[in-house]
$ cat query-v2.pdb   # PDB, C-alpha atoms and all ligand atoms
ATOM      1  CA  MET A 272     -11.876   6.170 -35.976  1.00  0.00           C
ATOM      2  CA  ASN A 273     -13.676   9.265 -34.704  1.00  0.00           C
ATOM      3  CA  GLY A 274     -14.595   9.751 -31.040  1.00  0.00           C
ATOM      4  CA  LEU A 275     -18.250   8.831 -31.482  1.00  0.00           C
ATOM      5  CA  SER A 276     -17.432   5.549 -33.299  1.00  0.00           C
ATOM      6  CA  PHE A 277     -14.927   4.682 -30.603  1.00  0.00           C
ATOM      7  CA  CYS A 278     -17.536   5.285 -27.871  1.00  0.00           C
ATOM      8  CA  CYS A 279     -20.068   3.121 -29.748  1.00  0.00           C
ATOM      9  CA  LEU A 280     -17.519   0.330 -30.168  1.00  0.00           C
ATOM     10  CA  THR A 281     -16.563   0.451 -26.487  1.00  0.00           C
ATOM     11  CA  PHE A 282     -20.249   0.312 -25.539  1.00  0.00           C
ATOM     12  CA  LEU A 283     -20.881  -2.646 -27.839  1.00  0.00           C
ATOM     13  CA  LEU A 284     -17.878  -4.543 -26.513  1.00  0.00           C
ATOM     14  CA  ALA A 285     -18.806  -3.852 -22.911  1.00  0.00           C
ATOM     15  CA  PHE A 286     -22.315  -5.172 -23.397  1.00  0.00           C
ATOM     16  CA  SER A 287     -21.604  -7.821 -26.010  1.00  0.00           C
ATOM     17  CA  SER A 288     -22.375 -10.568 -23.507  1.00  0.00           C
ATOM     18  CA  LEU A 289     -25.891  -9.202 -22.938  1.00  0.00           C
ATOM     19  CA  HIS A 290     -28.828 -10.297 -25.038  1.00  0.00           C
ATOM     20  CA  LEU A 291     -31.513  -7.741 -25.896  1.00  0.00           C
ATOM     21  CA  ASP A 292     -33.766  -9.260 -23.247  1.00  0.00           C
ATOM     22  CA  GLY A 293     -31.080  -8.577 -20.633  1.00  0.00           C
ATOM     23  CA  GLN A 294     -30.022 -12.213 -20.276  1.00  0.00           C
ATOM     24  CA  VAL A 295     -26.295 -12.686 -19.798  1.00  0.00           C
ATOM     25  CA  ASP A 296     -24.594 -15.013 -22.272  1.00  0.00           C
ATOM     26  CA  LYS A 297     -23.468 -18.337 -20.935  1.00  0.00           C
ATOM     27  CA  LEU A 298     -19.766 -18.436 -20.404  1.00  0.00           C
ATOM     28  CA  PRO A 299     -17.771 -20.362 -22.996  1.00  0.00           C
ATOM     29  CA  ASN A 300     -17.597 -24.087 -22.187  1.00  0.00           C
ATOM     30  CA  ASP A 301     -13.920 -24.029 -21.192  1.00  0.00           C
ATOM     31  CA  VAL A 302     -14.340 -21.289 -18.572  1.00  0.00           C
ATOM     32  CA  ARG A 303     -17.663 -22.700 -17.357  1.00  0.00           C
ATOM     33  CA  TRP A 304     -16.111 -26.150 -16.899  1.00  0.00           C
ATOM     34  CA  VAL A 305     -13.387 -24.716 -14.683  1.00  0.00           C
ATOM     35  CA  ARG A 306     -15.701 -22.486 -12.650  1.00  0.00           C
ATOM     36  CA  GLU A 307     -18.829 -24.556 -12.369  1.00  0.00           C
ATOM     37  CA  SER A 308     -18.244 -28.247 -12.948  1.00  0.00           C
ATOM     38  CA  ASP A 309     -17.699 -30.842 -10.234  1.00  0.00           C
ATOM     39  CA  GLU A 310     -15.587 -32.753 -12.728  1.00  0.00           C
ATOM     40  CA  TYR A 311     -12.869 -30.105 -12.888  1.00  0.00           C
ATOM     41  CA  ALA A 312     -12.636 -29.821  -9.098  1.00  0.00           C
ATOM     42  CA  HIS A 313     -12.547 -33.610  -8.631  1.00  0.00           C
ATOM     43  CA  LEU A 314      -9.841 -33.993 -11.253  1.00  0.00           C
ATOM     44  CA  CYS A 315      -7.622 -31.372  -9.579  1.00  0.00           C
ATOM     45  CA  ARG A 316      -8.124 -32.836  -6.089  1.00  0.00           C
ATOM     46  CA  GLN A 317      -7.484 -36.339  -7.408  1.00  0.00           C
ATOM     47  CA  THR A 318      -4.194 -35.224  -9.000  1.00  0.00           C
ATOM     48  CA  PHE A 319      -2.990 -33.532  -5.828  1.00  0.00           C
ATOM     49  CA  ARG A 320      -4.050 -36.427  -3.607  1.00  0.00           C
ATOM     50  CA  LEU A 321      -2.309 -39.064  -5.727  1.00  0.00           C
ATOM     51  CA  ALA A 322       0.738 -36.795  -5.838  1.00  0.00           C
ATOM     52  CA  GLN A 323       1.099 -37.051  -2.064  1.00  0.00           C
ATOM     53  CA  ASP A 324       1.778 -40.804  -2.250  1.00  0.00           C
ATOM     54  CA  ALA A 325       4.175 -40.353  -5.154  1.00  0.00           C
ATOM     55  CA  VAL A 326       6.069 -37.577  -3.354  1.00  0.00           C
ATOM     56  CA  ARG A 327       6.395 -39.744  -0.236  1.00  0.00           C
ATOM     57  CA  GLU A 328       8.031 -42.430  -2.412  1.00  0.00           C
ATOM     58  CA  GLN A 329      10.304 -39.897  -4.134  1.00  0.00           C
ATOM     59  CA  ILE A 330      11.408 -38.577  -0.728  1.00  0.00           C
ATOM     60  CA  LYS A 331      12.528 -42.076   0.271  1.00  0.00           C
ATOM     61  CA  ASN A 332      14.587 -42.368  -2.934  1.00  0.00           C
ATOM     62  CA  ALA A 333      16.247 -38.976  -2.476  1.00  0.00           C
ATOM     63  CA  SER A 334      16.777 -39.328   1.260  1.00  0.00           C
ATOM     64  CA  GLY A 335      19.722 -37.296   2.548  1.00  0.00           C
ATOM     65  CA  LYS A 336      19.692 -34.944  -0.434  1.00  0.00           C
ATOM     66  CA  LYS A 337      18.384 -31.386  -0.532  1.00  0.00           C
ATOM     67  CA  MET A 338      14.922 -31.779  -2.009  1.00  0.00           C
ATOM     68  CA  ALA A 339      12.458 -29.420  -3.676  1.00  0.00           C
ATOM     69  CA  VAL A 340       9.037 -29.525  -5.267  1.00  0.00           C
ATOM     70  CA  VAL A 341       8.632 -27.138  -8.209  1.00  0.00           C
ATOM     71  CA  MET A 342       5.175 -25.717  -8.833  1.00  0.00           C
ATOM     72  CA  ASP A 343       3.908 -23.471 -11.581  1.00  0.00           C
ATOM     73  CA  LEU A 344       1.464 -20.831 -10.293  1.00  0.00           C
ATOM     74  CA  ASP A 345      -1.302 -19.932 -12.745  1.00  0.00           C
ATOM     75  CA  GLU A 346      -3.933 -22.646 -13.166  1.00  0.00           C
ATOM     76  CA  THR A 347      -1.726 -24.926 -11.052  1.00  0.00           C
ATOM     77  CA  VAL A 348      -1.922 -23.273  -7.637  1.00  0.00           C
ATOM     78  CA  MET A 349      -3.773 -20.038  -8.500  1.00  0.00           C
ATOM     79  CA  ASP A 350      -7.178 -19.945 -10.160  1.00  0.00           C
ATOM     80  CA  ASN A 351      -7.462 -16.992 -12.544  1.00  0.00           C
ATOM     81  CA  SER A 352     -10.751 -17.989 -14.132  1.00  0.00           C
ATOM     82  CA  LEU A 353     -12.347 -14.736 -12.943  1.00  0.00           C
ATOM     83  CA  TYR A 354      -9.951 -12.861 -15.253  1.00  0.00           C
ATOM     84  CA  GLN A 355     -11.224 -15.043 -18.121  1.00  0.00           C
ATOM     85  CA  VAL A 356     -14.832 -14.278 -17.174  1.00  0.00           C
ATOM     86  CA  GLU A 357     -14.186 -10.552 -17.078  1.00  0.00           C
ATOM     87  CA  ARG A 358     -12.407 -10.542 -20.443  1.00  0.00           C
ATOM     88  CA  HIS A 359     -15.249 -12.556 -21.961  1.00  0.00           C
ATOM     89  CA  ARG A 360     -17.880 -10.177 -20.609  1.00  0.00           C
ATOM     90  CA  GLN A 361     -15.937  -7.279 -22.116  1.00  0.00           C
ATOM     91  CA  GLY A 362     -15.633  -9.094 -25.451  1.00  0.00           C
ATOM     92  CA  LEU A 363     -11.867  -8.932 -25.156  1.00  0.00           C
ATOM     93  CA  GLY A 364      -9.056 -11.463 -25.092  1.00  0.00           C
ATOM     94  CA  PHE A 365      -5.768 -11.760 -23.230  1.00  0.00           C
ATOM     95  CA  THR A 366      -3.377  -8.812 -23.236  1.00  0.00           C
ATOM     96  CA  GLN A 367      -0.214  -8.509 -21.180  1.00  0.00           C
ATOM     97  CA  GLU A 368      -1.414  -5.156 -19.844  1.00  0.00           C
ATOM     98  CA  SER A 369      -4.807  -6.402 -18.630  1.00  0.00           C
ATOM     99  CA  TRP A 370      -3.143  -9.511 -17.181  1.00  0.00           C
ATOM    100  CA  SER A 371      -0.662  -7.408 -15.229  1.00  0.00           C
ATOM    101  CA  LYS A 372      -3.520  -5.313 -13.839  1.00  0.00           C
ATOM    102  CA  TRP A 373      -5.302  -8.518 -12.790  1.00  0.00           C
ATOM    103  CA  VAL A 374      -2.170  -9.855 -11.057  1.00  0.00           C
ATOM    104  CA  LYS A 375      -1.822  -6.581  -9.132  1.00  0.00           C
ATOM    105  CA  ARG A 376      -5.432  -6.899  -7.891  1.00  0.00           C
ATOM    106  CA  GLN A 377      -4.387 -10.076  -6.014  1.00  0.00           C
ATOM    107  CA  GLU A 378      -7.778 -11.691  -6.514  1.00  0.00           C
ATOM    108  CA  ALA A 379      -6.738 -15.091  -7.857  1.00  0.00           C
ATOM    109  CA  GLY A 380      -8.333 -18.005  -6.024  1.00  0.00           C
ATOM    110  CA  LEU A 381      -7.015 -21.475  -5.287  1.00  0.00           C
ATOM    111  CA  VAL A 382      -7.033 -24.432  -7.645  1.00  0.00           C
ATOM    112  CA  PRO A 383      -8.983 -27.200  -5.820  1.00  0.00           C
ATOM    113  CA  GLY A 384      -6.671 -29.441  -3.790  1.00  0.00           C
ATOM    114  CA  ALA A 385      -3.637 -27.154  -4.062  1.00  0.00           C
ATOM    115  CA  LYS A 386      -3.804 -25.946  -0.458  1.00  0.00           C
ATOM    116  CA  SER A 387      -4.171 -29.456   0.987  1.00  0.00           C
ATOM    117  CA  PHE A 388      -1.174 -30.571  -1.042  1.00  0.00           C
ATOM    118  CA  ILE A 389       0.952 -27.590   0.030  1.00  0.00           C
ATOM    119  CA  ASP A 390      -0.087 -28.176   3.664  1.00  0.00           C
ATOM    120  CA  PHE A 391       1.165 -31.754   3.250  1.00  0.00           C
ATOM    121  CA  LEU A 392       4.466 -30.479   1.798  1.00  0.00           C
ATOM    122  CA  ARG A 393       4.998 -28.312   4.861  1.00  0.00           C
ATOM    123  CA  LYS A 394       5.393 -31.481   6.946  1.00  0.00           C
ATOM    124  CA  GLN A 395       8.061 -32.875   4.597  1.00  0.00           C
ATOM    125  CA  PRO A 396      11.791 -32.071   4.408  1.00  0.00           C
ATOM    126  CA  ILE A 397      11.151 -30.237   1.176  1.00  0.00           C
ATOM    127  CA  ARG A 398      11.614 -26.714  -0.151  1.00  0.00           C
ATOM    128  CA  LEU A 399       8.834 -25.285  -2.285  1.00  0.00           C
ATOM    129  CA  ILE A 400       9.907 -23.421  -5.421  1.00  0.00           C
ATOM    130  CA  PHE A 401       7.332 -21.467  -7.433  1.00  0.00           C
ATOM    131  CA  LEU A 402       8.472 -21.325 -11.044  1.00  0.00           C
ATOM    132  CA  SER A 403       6.090 -19.162 -13.040  1.00  0.00           C
ATOM    133  CA  ASN A 404       6.013 -17.013 -16.148  1.00  0.00           C
ATOM    134  CA  ARG A 405       4.473 -14.199 -14.141  1.00  0.00           C
ATOM    135  CA  MET A 406       6.827 -11.246 -14.553  1.00  0.00           C
ATOM    136  CA  ASN A 407       9.324 -10.786 -11.751  1.00  0.00           C
ATOM    137  CA  GLU A 408       8.218  -7.147 -11.436  1.00  0.00           C
ATOM    138  CA  ASN A 409       4.921  -8.580 -10.124  1.00  0.00           C
ATOM    139  CA  LEU A 410       6.589 -10.637  -7.407  1.00  0.00           C
ATOM    140  CA  ALA A 411       5.207  -8.535  -4.518  1.00  0.00           C
ATOM    141  CA  PRO A 412       1.495  -8.745  -5.511  1.00  0.00           C
ATOM    142  CA  THR A 413       1.962 -12.431  -6.343  1.00  0.00           C
ATOM    143  CA  LYS A 414       3.378 -13.178  -2.900  1.00  0.00           C
ATOM    144  CA  SER A 415       0.677 -11.101  -1.266  1.00  0.00           C
ATOM    145  CA  ASN A 416      -2.042 -13.015  -3.163  1.00  0.00           C
ATOM    146  CA  LEU A 417      -0.522 -16.354  -2.090  1.00  0.00           C
ATOM    147  CA  LYS A 418      -0.333 -15.134   1.498  1.00  0.00           C
ATOM    148  CA  LYS A 419      -4.039 -14.230   1.434  1.00  0.00           C
ATOM    149  CA  LEU A 420      -4.733 -17.741   0.142  1.00  0.00           C
ATOM    150  CA  GLY A 421      -2.792 -19.242   3.056  1.00  0.00           C
ATOM    151  CA  VAL A 422      -0.196 -21.028   0.945  1.00  0.00           C
ATOM    152  CA  LEU A 423       2.914 -18.893   1.427  1.00  0.00           C
ATOM    153  CA  ARG A 424       5.803 -19.639   3.743  1.00  0.00           C
ATOM    154  CA  THR A 425       8.604 -17.137   4.194  1.00  0.00           C
ATOM    155  CA  ASP A 426      11.298 -19.525   2.966  1.00  0.00           C
ATOM    156  CA  ASP A 427       9.497 -20.378  -0.278  1.00  0.00           C
ATOM    157  CA  LEU A 428      11.594 -19.618  -3.346  1.00  0.00           C
ATOM    158  CA  PHE A 429      10.337 -17.773  -6.426  1.00  0.00           C
ATOM    159  CA  LEU A 430      11.723 -17.923  -9.931  1.00  0.00           C
ATOM    160  CA  LEU A 431       9.537 -15.577 -11.957  1.00  0.00           C
ATOM    161  CA  ARG A 432      10.355 -14.385 -15.466  1.00  0.00           C
ATOM    162  CA  VAL A 433      12.775 -11.484 -15.755  1.00  0.00           C
ATOM    163  CA  ASP A 434      12.405 -11.013 -19.534  1.00  0.00           C
ATOM    164  CA  LYS A 435      11.440 -12.889 -22.707  1.00  0.00           C
ATOM    165  CA  GLN A 436      14.770 -14.728 -22.854  1.00  0.00           C
ATOM    166  CA  ASP A 437      14.351 -16.023 -19.288  1.00  0.00           C
ATOM    167  CA  THR A 438      12.763 -19.365 -20.167  1.00  0.00           C
ATOM    168  CA  LYS A 439      11.626 -22.035 -17.750  1.00  0.00           C
ATOM    169  CA  ILE A 440      14.381 -24.272 -19.151  1.00  0.00           C
ATOM    170  CA  ILE A 441      16.985 -21.761 -17.948  1.00  0.00           C
ATOM    171  CA  ARG A 442      15.348 -21.441 -14.529  1.00  0.00           C
ATOM    172  CA  ARG A 443      15.015 -25.212 -14.049  1.00  0.00           C
ATOM    173  CA  ALA A 444      18.740 -25.564 -14.815  1.00  0.00           C
ATOM    174  CA  GLU A 445      19.447 -22.991 -12.085  1.00  0.00           C
ATOM    175  CA  ILE A 446      17.459 -25.087  -9.580  1.00  0.00           C
ATOM    176  CA  THR A 447      19.147 -28.400 -10.350  1.00  0.00           C
ATOM    177  CA  GLY A 448      22.592 -26.829 -10.900  1.00  0.00           C
ATOM    178  CA  GLY A 449      22.556 -24.390  -7.980  1.00  0.00           C
ATOM    179  CA  LYS A 450      23.588 -21.554 -10.256  1.00  0.00           C
ATOM    180  CA  GLY A 451      22.371 -18.060 -11.204  1.00  0.00           C
ATOM    181  CA  ARG A 452      19.550 -17.044  -8.875  1.00  0.00           C
ATOM    182  CA  MET A 453      19.946 -20.340  -7.010  1.00  0.00           C
ATOM    183  CA  LYS A 454      23.629 -19.889  -6.244  1.00  0.00           C
ATOM    184  CA  LYS A 455      22.911 -19.032  -2.604  1.00  0.00           C
ATOM    185  CA  THR A 456      20.716 -22.043  -1.931  1.00  0.00           C
ATOM    186  CA  GLY A 457      22.775 -24.523  -3.971  1.00  0.00           C
ATOM    187  CA  PRO A 458      21.412 -27.350  -6.131  1.00  0.00           C
ATOM    188  CA  PHE A 459      18.190 -29.204  -5.362  1.00  0.00           C
ATOM    189  CA  VAL A 460      16.950 -32.652  -6.256  1.00  0.00           C
ATOM    190  CA  VAL A 461      13.471 -31.946  -7.603  1.00  0.00           C
ATOM    191  CA  VAL A 462      11.171 -34.720  -6.424  1.00  0.00           C
ATOM    192  CA  ALA A 463       8.104 -33.447  -8.291  1.00  0.00           C
ATOM    193  CA  TYR A 464       6.998 -30.858 -10.833  1.00  0.00           C
ATOM    194  CA  PHE A 465       3.442 -29.501 -11.045  1.00  0.00           C
ATOM    195  CA  GLY A 466       1.980 -27.572 -13.962  1.00  0.00           C
ATOM    196  CA  ASP A 467      -0.895 -27.078 -16.385  1.00  0.00           C
ATOM    197  CA  SER A 468       1.255 -26.838 -19.509  1.00  0.00           C
ATOM    198  CA  SER A 469       3.861 -29.114 -21.119  1.00  0.00           C
ATOM    199  CA  GLY A 470       6.402 -26.325 -20.736  1.00  0.00           C
ATOM    200  CA  ASP A 471       6.167 -26.683 -16.949  1.00  0.00           C
ATOM    201  CA  PHE A 472       7.981 -30.029 -17.098  1.00  0.00           C
ATOM    202  CA  PRO A 473      11.602 -30.914 -17.891  1.00  0.00           C
ATOM    203  CA  SER A 474      10.600 -33.729 -20.233  1.00  0.00           C
ATOM    204  CA  SER A 475       7.555 -35.106 -21.984  1.00  0.00           C
ATOM    205  CA  ALA A 476       8.374 -38.718 -21.015  1.00  0.00           C
ATOM    206  CA  LYS A 477       5.000 -40.401 -20.538  1.00  0.00           C
ATOM    207  CA  GLU A 478       6.274 -42.549 -17.645  1.00  0.00           C
ATOM    208  CA  ALA A 479       7.113 -39.456 -15.578  1.00  0.00           C
ATOM    209  CA  PHE A 480       3.487 -38.309 -15.382  1.00  0.00           C
ATOM    210  CA  GLY A 481       1.919 -39.627 -12.218  1.00  0.00           C
ATOM    211  CA  GLU A 482       5.389 -40.386 -10.780  1.00  0.00           C
ATOM    212  CA  ALA A 483       7.254 -37.092 -10.572  1.00  0.00           C
ATOM    213  CA  HIS A 484       5.277 -34.941 -13.026  1.00  0.00           C
ATOM    214  CA  PHE A 485       1.716 -33.886 -12.213  1.00  0.00           C
ATOM    215  CA  MET A 486      -0.474 -32.150 -14.770  1.00  0.00           C
ATOM    216  CA  LEU A 487      -3.479 -30.024 -13.795  1.00  0.00           C
ATOM    217  CA  PRO A 488      -6.298 -29.520 -16.310  1.00  0.00           C
ATOM    218  CA  ASN A 489      -6.573 -26.120 -18.009  1.00  0.00           C
ATOM    219  CA  PRO A 490      -8.856 -25.906 -21.035  1.00  0.00           C
ATOM    220  CA  MET A 491      -8.940 -22.070 -20.960  1.00  0.00           C
ATOM    221  CA  TYR A 492      -5.593 -21.271 -22.624  1.00  0.00           C
ATOM    222  CA  GLY A 493      -2.365 -22.929 -23.687  1.00  0.00           C
ATOM    223  CA  LYS A 494      -0.026 -23.544 -26.596  1.00  0.00           C
ATOM    224  CA  TRP A 495      -1.934 -26.286 -28.407  1.00  0.00           C
TER     225      TRP A 495
HETATM  226 MG    MG B   1       0.244 -22.246 -15.572  1.00  0.00          MG
END

$ encode --input "query-v2.pdb" --output "structure tokens" --more "lines below"
Ligand SMILES: [Mg+2]
Amino acid sequence: MNGLSFCCLTFLLAFSSLHLDGQVDKLPNDVRWVRESDEYAHLCRQTFRLAQDAVREQIKNASGKKMAVVMDLDETVMDNSLYQVERHRQGLGFTQESWSKWVKRQEAGLVPGAKSFIDFLRKQPIRLIFLSNRMNENLAPTKSNLKKLGVLRTDDLFLLRVDKQDTKIIRRAEITGGKGRMKKTGPFVVVAYFGDSSGDFPSSAKEAFGEAHFMLPNPMYGKW
């Protein structure tokens, strides 16, 4: 492609969301639902509120043991829908490079209800473990973003992804077995898992959802 064609293509992509009359395209339904609907916000808050009662029960059952709640980050605690909007406006999709740049900007918001739930956890004898497929090299901007959002405590634990082989299955085994990165802290009884993807949970047992597994809605991306 010559330079002129490349410039034209870049221009077209950058303005592909604009109609000739200057009107901006509506966002795709999935992104609009997350950003603009009451339904999405109510559903998230409802999940987190019902989780409080379930966690209280789980704490009673695990009394005397070292307990943790494991939370995914993206679209579970952190709202990255602005990244989706920006990519849409540019006519582009997800790339690891653009995602990493977004993470470093530390501009993710909060999923509705997540802060209230984490505030509740702070009053419980529970350790919070963030288990996310964000790359471990982006740990500092991730922590800084969470701090800005008012949901970080200094003793929170982070298990981010070191490389492709470092699956969530491996990291969950470290939490419950007190091995690898969790050798220092020792094993935890996980009283609840939170995520927006099936891979965020140790099993797909239907009975676990609403008891110890809590799913947040995310229509924007996933492995369906
Ligand atoms: Mg997620």

$ residues_around --input "query-v2.pdb" --residues "Pro473 of chain A" --least-positions-apart "3" --cutoff "8 Å" --atoms "all atoms listed in the file" --output "compact mmCIF listing (two decimals) with C-alpha atoms, in the coordinates of the input"
# COMPACT_ATOMS: atom_id res chain seq x y z
CA ILE A 440 14.38 -24.27 -19.15
CA ARG A 443 15.02 -25.21 -14.05
CA GLY A 470 6.40 -26.32 -20.74

$ atom_distance --input "query-v2.pdb" --atom1 "atom CA of Ala379 of chain A" --atom2 "atom CA of Asn416 of chain A"
7.0 Å

$ atom_distance --input "query-v2.pdb" --atom1 "atom CA of Ser403 of chain A" --atom2 "atom CA of Leu344 of chain A"
5.6 Å

$ closest_residue --input "query-v2.pdb" --among "A:Ala463, A:Ala325, A:Leu428, A:Leu420" --to "Leu381 of chain A" --atoms "all atoms listed in the file"
A:Leu420

$ atom_distance --input "query-v2.pdb" --atom1 "atom CA of Val433 of chain A" --atom2 "atom CA of Glu408 of chain A"
7.6 Å

$ residues_near_ligand --input "query-v2.pdb" --ligand "ligand MG 1 (chain B)" --cutoff "10 Å" --atoms "all atoms listed in the file" --output "ChimeraX atom specification"
/A:342-351,402-405,465-471,486-489,492-493

$ write_last_selection --input "query-v2.pdb" --atoms "C-alpha atoms" --output "PDB file, in the frame of the given file"
ATOM      1  CA  MET A 342       5.175 -25.717  -8.833  1.00  0.00           C
ATOM      2  CA  ASP A 343       3.908 -23.471 -11.581  1.00  0.00           C
ATOM      3  CA  LEU A 344       1.464 -20.831 -10.293  1.00  0.00           C
ATOM      4  CA  ASP A 345      -1.302 -19.932 -12.745  1.00  0.00           C
ATOM      5  CA  GLU A 346      -3.933 -22.646 -13.166  1.00  0.00           C
ATOM      6  CA  THR A 347      -1.726 -24.926 -11.052  1.00  0.00           C
ATOM      7  CA  VAL A 348      -1.922 -23.273  -7.637  1.00  0.00           C
ATOM      8  CA  MET A 349      -3.773 -20.038  -8.500  1.00  0.00           C
ATOM      9  CA  ASP A 350      -7.178 -19.945 -10.160  1.00  0.00           C
ATOM     10  CA  ASN A 351      -7.462 -16.992 -12.544  1.00  0.00           C
ATOM     11  CA  LEU A 402       8.472 -21.325 -11.044  1.00  0.00           C
ATOM     12  CA  SER A 403       6.090 -19.162 -13.040  1.00  0.00           C
ATOM     13  CA  ASN A 404       6.013 -17.013 -16.148  1.00  0.00           C
ATOM     14  CA  ARG A 405       4.473 -14.199 -14.141  1.00  0.00           C
ATOM     15  CA  PHE A 465       3.442 -29.501 -11.045  1.00  0.00           C
ATOM     16  CA  GLY A 466       1.980 -27.572 -13.962  1.00  0.00           C
ATOM     17  CA  ASP A 467      -0.895 -27.078 -16.385  1.00  0.00           C
ATOM     18  CA  SER A 468       1.255 -26.838 -19.509  1.00  0.00           C
ATOM     19  CA  SER A 469       3.861 -29.114 -21.119  1.00  0.00           C
ATOM     20  CA  GLY A 470       6.402 -26.325 -20.736  1.00  0.00           C
ATOM     21  CA  ASP A 471       6.167 -26.683 -16.949  1.00  0.00           C
ATOM     22  CA  MET A 486      -0.474 -32.150 -14.770  1.00  0.00           C
ATOM     23  CA  LEU A 487      -3.479 -30.024 -13.795  1.00  0.00           C
ATOM     24  CA  PRO A 488      -6.298 -29.520 -16.310  1.00  0.00           C
ATOM     25  CA  ASN A 489      -6.573 -26.120 -18.009  1.00  0.00           C
ATOM     26  CA  TYR A 492      -5.593 -21.271 -22.624  1.00  0.00           C
ATOM     27  CA  GLY A 493      -2.365 -22.929 -23.687  1.00  0.00           C
TER      28      GLY A 493
END

$ closest_residue --input "query-v2.pdb" --among "A:Thr366, A:Gln395, A:Asn300, A:Gln361" --to "Gln329 of chain A" --atoms "only C-alpha atoms"
A:Gln395

$ closest_residue --input "query-v2.pdb" --among "A:Cys315, A:Val461, A:Val341, A:Ser387" --to "Lys439 of chain A" --atoms "only C-alpha atoms"
A:Val341

$ resolve_selection --input "query-v2.pdb" --expression "the PyMOL selection byres (((chain A and resi 421-424) around 12) and not hetatm)" --output "ChimeraX atom specification"
/A:344,348-349,380-382,384-393,398-401,413-420,425-429
